[in-house]
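Report on one structure; see the data block that follows.
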Amino acid sequence: MVVKAELHCHIEGAASPALVEAQAEKYGADVSAIIEGDSYVWSDFTSFLHAYDLASRLFRDEDDYALLAETYLADLASQDAIYSEFFISTDHAIAAGLTPEAYISGLAEGMRRAREATGIESRMIATGLRHEGPEGVERAARSIAANPHPLITGFGMAGDERMHRPADFAKAFEIARDAGLAITVHAGELSGAESVRGALDHLKPARIGHGVRAIEDPALVERLASDGVVLEVCPGSNISLGVFPSYAAHPFPKLRDAGVRVTLSSDDPPFFHTSLAQEYETARTWFGMDDEALMETTRTSIEAAFVDAQTRARLLSRLG
Ligand code: ADE
Ligand code: ZN
């Protein structure tokens with residue numbers, strides 16, 4: 001059995017179409033514009049974000065979010081995962097009518113239930129949305145600094161990477177760092193190597209969400225390897241969103257061979273018809289990884305997890 005761990009999944013993006021349809025029924029809403037059969041309907045990054053935003057509006061109270069976190073984590077545990085770090089977004093909570101406190105407390109309850117039922121450990125990473133601009137991301141950072149929670153251990157930025165420059169967000173990340181949060185940032189997904197370089201220079205993350213387009217610049221790949229920056233790689237997401245034309249063209253093996261610390265995650269699994277187990281299978285099929293190499297990837301994820309030393313040691317001991 002290959003034990004797994006996930007570092008990069010957006011909780012709103014983990015809601016299955018079936019769960020969103022049940023929520024729509026509960027609230028008397030119509031989701032036919034974003035769900036057809038058992039699939040979300042979108043065609044590019046912008047329409048993906050639109051479907052994602054509309055689906056998230058159907059999680060409107062603490063119980064809805066407890067159910068979402070519990071469902072996602074229990075399913076992940078059934079794929080032999082022992083750990084998950086997932087992104088949360090107070091912007092999405094507020095847009096659905098929740099306070100950040102209710103949102104966080106609902107998610108924490110779902111985490112507690114999943115842990116009790118399956119043993120899966122988890123943490124939350126608060127995020128700001130890049131397309132909301134520097135003020136929006138600063139607002140998200142302040143919101144989390146004002147609502148600290150022991151299970152929120154990181155801060156990051158998701159959203160449309162094609163907007164704004166990394167330097168514009170330095171202040172927001174300073175607020176998060178001062179609040180004691182570890183840092184990851186989406187870069188090198190919709191934009192190229194320069195975006196990754198800018199994120200490293202101005203935001204000083206321990207990890208990069210995606211980062212795969214660093215492959216466009218050999219000097220940057222060397223920098224990632226020598227600085228030990230961990231990449232949260234989500235191959236299925238990259239192929240679905242057209243970041244690379246095929247798994248054969250995906251740079252995961254080249255990055256790994258260059259000594260970059262790469263990990264595997266599912267990003268927004270039902271939107272991309274994937275799962276964490278599927279990502280590990282993809283790595284086996286397309287990236288030439290055997291059980292041992294896959295377990296090493298899990299070890300890298302646990303080593304890079306935003307957890308205290310005792311939790312990390314306990315998780316590492318479960319890898320055998
Ligand atoms: N939010 C949810 N999924 C995302 C992705 N793949 N890139 C940027 N922001 C996101
Ligand atoms: Zn992501």
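Chain lettering (A, B, ...) mirrors the order of the structure tokens, residue numbering begins at 1 for each chain separately, and ligand numbering begins at 1 in order of display.
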
Next item on the list: Please check which protein, DNA or RNA residues sit within 9 Å of ligand 1, counting only C-alpha atoms and all ligand atoms, and write them as a VMD selection string.
Entry: chain A and resid 9 to 13 45 48 to 49 52 87 129 to 130 157 to 161 186 to 187 189 to 190 209 to 210 234 237 to 238 241 267 to 268

Go ahead and save the residues from that selection, with N, CA and C atoms, as a short mmCIF file (atom, residue, chain, number, x, y, z; two decimals), in the first residue's frame.
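Okay, result32.cif is ready:
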```
data_model
loop_
_atom_site.label_atom_id
_atom_site.label_comp_id
_atom_site.auth_asym_id
_atom_site.auth_seq_id
_atom_site.Cartn_x
_atom_site.Cartn_y
_atom_site.Cartn_z
N CYS A 9 -5.12 21.36 -1.92
CA CYS A 9 -6.50 21.14 -2.36
C CYS A 9 -7.34 22.30 -1.83
N HIS A 10 -8.15 22.88 -2.69
CA HIS A 10 -9.02 23.99 -2.28
C HIS A 10 -10.32 23.39 -1.77
N ILE A 11 -10.72 23.73 -0.55
CA ILE A 11 -11.88 23.04 0.03
C ILE A 11 -13.14 23.30 -0.81
N GLU A 12 -13.31 24.53 -1.30
CA GLU A 12 -14.50 24.78 -2.14
C GLU A 12 -14.42 23.97 -3.44
N GLY A 13 -13.20 23.73 -3.91
CA GLY A 13 -13.01 22.98 -5.15
C GLY A 13 -13.05 21.47 -4.94
N PHE A 45 -9.79 28.71 -17.70
CA PHE A 45 -9.57 29.06 -16.30
C PHE A 45 -10.65 30.01 -15.77
N PHE A 48 -13.84 28.17 -15.30
CA PHE A 48 -13.64 27.26 -14.16
C PHE A 48 -13.85 28.03 -12.85
N LEU A 49 -13.19 29.20 -12.73
CA LEU A 49 -13.33 29.99 -11.49
C LEU A 49 -14.78 30.42 -11.27
N TYR A 52 -16.71 27.42 -9.97
CA TYR A 52 -16.21 27.19 -8.61
C TYR A 52 -16.86 28.19 -7.64
N PHE A 87 -6.73 24.48 1.30
CA PHE A 87 -6.87 25.94 1.25
C PHE A 87 -8.29 26.33 1.64
N LEU A 129 -7.25 36.00 -2.67
CA LEU A 129 -7.46 35.79 -4.10
C LEU A 129 -6.76 36.87 -4.89
N ARG A 130 -5.84 36.44 -5.72
CA ARG A 130 -5.00 37.38 -6.46
C ARG A 130 -5.81 38.36 -7.31
N MET A 157 -1.84 32.34 -1.58
CA MET A 157 -2.62 33.14 -2.52
C MET A 157 -2.97 32.28 -3.72
N ALA A 158 -4.27 32.24 -4.05
CA ALA A 158 -4.75 31.51 -5.23
C ALA A 158 -5.34 32.54 -6.19
N GLY A 159 -6.13 32.08 -7.14
CA GLY A 159 -6.78 32.99 -8.06
C GLY A 159 -5.99 33.23 -9.33
N ASP A 160 -6.37 34.28 -10.05
CA ASP A 160 -5.84 34.48 -11.40
C ASP A 160 -4.42 35.07 -11.40
N GLU A 161 -3.48 34.21 -11.69
CA GLU A 161 -2.05 34.58 -11.64
C GLU A 161 -1.67 35.60 -12.72
N HIS A 186 0.55 30.33 -5.07
CA HIS A 186 0.37 29.80 -6.43
C HIS A 186 1.23 30.62 -7.39
N ALA A 187 2.04 29.96 -8.17
CA ALA A 187 2.85 30.65 -9.20
C ALA A 187 3.33 29.61 -10.19
N GLU A 189 1.83 28.59 -12.92
CA GLU A 189 0.73 27.75 -13.44
C GLU A 189 0.17 28.42 -14.70
N LEU A 190 -0.51 29.57 -14.51
CA LEU A 190 -1.05 30.30 -15.67
C LEU A 190 -0.02 31.24 -16.26
N GLY A 209 2.71 26.72 -4.96
CA GLY A 209 1.59 25.98 -5.53
C GLY A 209 1.79 25.87 -7.03
N HIS A 210 1.90 24.67 -7.53
CA HIS A 210 2.23 24.38 -8.94
C HIS A 210 3.73 24.61 -9.17
N CYS A 234 0.24 19.44 -9.25
CA CYS A 234 -1.10 18.89 -9.44
C CYS A 234 -1.25 18.54 -10.93
N SER A 237 -4.77 18.67 -12.75
CA SER A 237 -5.23 20.05 -12.90
C SER A 237 -4.51 20.71 -14.07
N ASN A 238 -3.19 20.53 -14.14
CA ASN A 238 -2.40 21.15 -15.21
C ASN A 238 -2.87 20.69 -16.59
N LEU A 241 -6.46 22.14 -17.33
CA LEU A 241 -6.47 23.59 -17.61
C LEU A 241 -5.59 23.94 -18.81
N ASP A 267 -5.63 19.48 -6.20
CA ASP A 267 -6.08 20.86 -6.49
C ASP A 267 -7.59 21.07 -6.30
N ASP A 268 -8.40 20.69 -7.28
CA ASP A 268 -9.87 20.82 -7.20
C ASP A 268 -10.44 19.54 -7.81
#
```

Check: Among segment 75-281 of chain A, which ones does DSSP place in alpha helix (DSSP H), written as a ChimeraX atom specification?
Finding: /A:75-77,90-95,100-118,133-146,170-178,193-203,218-227,235-240,252-257,276-281

If you count only C-alpha atoms, which residues fall within 6 Å of segment 137-147 of chain A, apart from same-chain ones fewer than 6 positions away, as a compact mmCIF listing (two decimals) with all heavy atoms, in the first residue's frame?
```txt
# COMPACT_ATOMS: atom_id res chain seq x y z
N GLY A 128 -5.73 34.35 0.15
CA GLY A 128 -6.32 35.51 -0.49
C GLY A 128 -6.42 35.21 -1.97
O GLY A 128 -5.77 34.29 -2.47
N LEU A 129 -7.25 36.00 -2.67
CA LEU A 129 -7.46 35.79 -4.10
C LEU A 129 -6.76 36.87 -4.89
O LEU A 129 -7.05 38.07 -4.73
CB LEU A 129 -8.97 35.81 -4.40
CG LEU A 129 -9.78 34.74 -3.66
CD1 LEU A 129 -11.28 34.99 -3.81
CD2 LEU A 129 -9.41 33.35 -4.17
N ALA A 172 0.70 41.96 2.26
CA ALA A 172 -0.25 40.93 2.72
C ALA A 172 0.51 39.74 3.32
O ALA A 172 0.13 39.22 4.38
CB ALA A 172 -1.12 40.47 1.55
N ALA A 176 0.67 38.07 7.20
CA ALA A 176 0.47 36.64 7.48
C ALA A 176 1.69 36.06 8.21
O ALA A 176 1.55 35.30 9.19
CB ALA A 176 0.23 35.89 6.18
N ALA A 179 1.79 36.93 11.70
CA ALA A 179 0.78 36.19 12.48
C ALA A 179 1.25 34.75 12.73
O ALA A 179 0.51 33.93 13.28
CB ALA A 179 -0.55 36.19 11.74
```

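Distances here use only C-alpha atoms and all ligand atoms; by that measure, the residue among A:Ser265, A:Ser226, A:Ser195, A:Thr282 closest to ligand 2 is A:Ser265.
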
Note to self: Could you pull out the strand (DSSP E or B) residues of segment 22-230 of chain A, going by DSSP on the backbone, and write them as a PyMOL selection string?
What the structure shows: chain A and resi 35-36+39-40+81-88+121-129+152-158+182-187+207-210+230

Note to self: I'd like to know which of A:Ala182, A:Val229, A:Met111, A:Met289 is closest to Arg197 of chain A, using only C-alpha atoms.
What the structure shows: A:Val229

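Straight-line separation from atom CA of Lys254 of chain A to atom CA of Gln79 of chain A: 26.8 Å.
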
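Between atom CA of Asp38 of chain A and atom CA of Ser16 of chain A lies a distance of 8.4 Å.
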
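We find atom CA of Asp30 of chain A and atom CA of Ala55 of chain A to be spaced 10.4 Å apart.
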
Note to self: Let me make sure I understand: among A:Leu255, A:Ala14, A:Ala293, A:Leu315, which one has the smallest atom-to-atom distance to ligand 2 if we use only C-alpha atoms and all ligand atoms?
What the structure shows: A:Ala14

Margin query: Residues near Asp290 of chain A, anyone? I mean within 10 Å using only C-alpha atoms, not counting same-chain ones fewer than 5 positions away, as a PyMOL selection string.
Written below: chain A and resi 2+280-281+283-285+295-296

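Closest approach to ligand 2 among A:Thr90, A:Ser266, A:Ser47, A:Ser39: A:Ser266, based on only C-alpha atoms and all ligand atoms.
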
Notebook entry, point to check: Which is closer to Tyr27 of chain A than all the others in A:Leu58, A:Met163, A:Ala117, A:Ala219, using only C-alpha atoms?
Noted result: A:Leu58

Next item on the list: Would you mind listing what lies within 10 Å of Phe169 of chain A as a count of residues only, with only C-alpha atoms counted and same-chain residues fewer than 2 positions away left out?
Entry: 20

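Proximity to Ser105 of chain A at 12 Å, evaluated using only C-alpha atoms and with sequence-adjacent residues fewer than 4 positions away removed, yields Asp61, Glu62, Asp63, Asp64, Tyr65, Ala66, Leu67, Ala69, Ile88, Ala93, Leu98, Thr99, Pro100, Glu101, Glu109, Gly110, Met111, Arg112, Met124, Asn147, Pro148, His149, Pro150, Leu151 and Ile152 of chain A.
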
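Counting only C-alpha atoms and comparing A:Leu319, A:Val41, A:Ala214, A:Ala22, the residue that lies closest to Pro270 of chain A is A:Val41.
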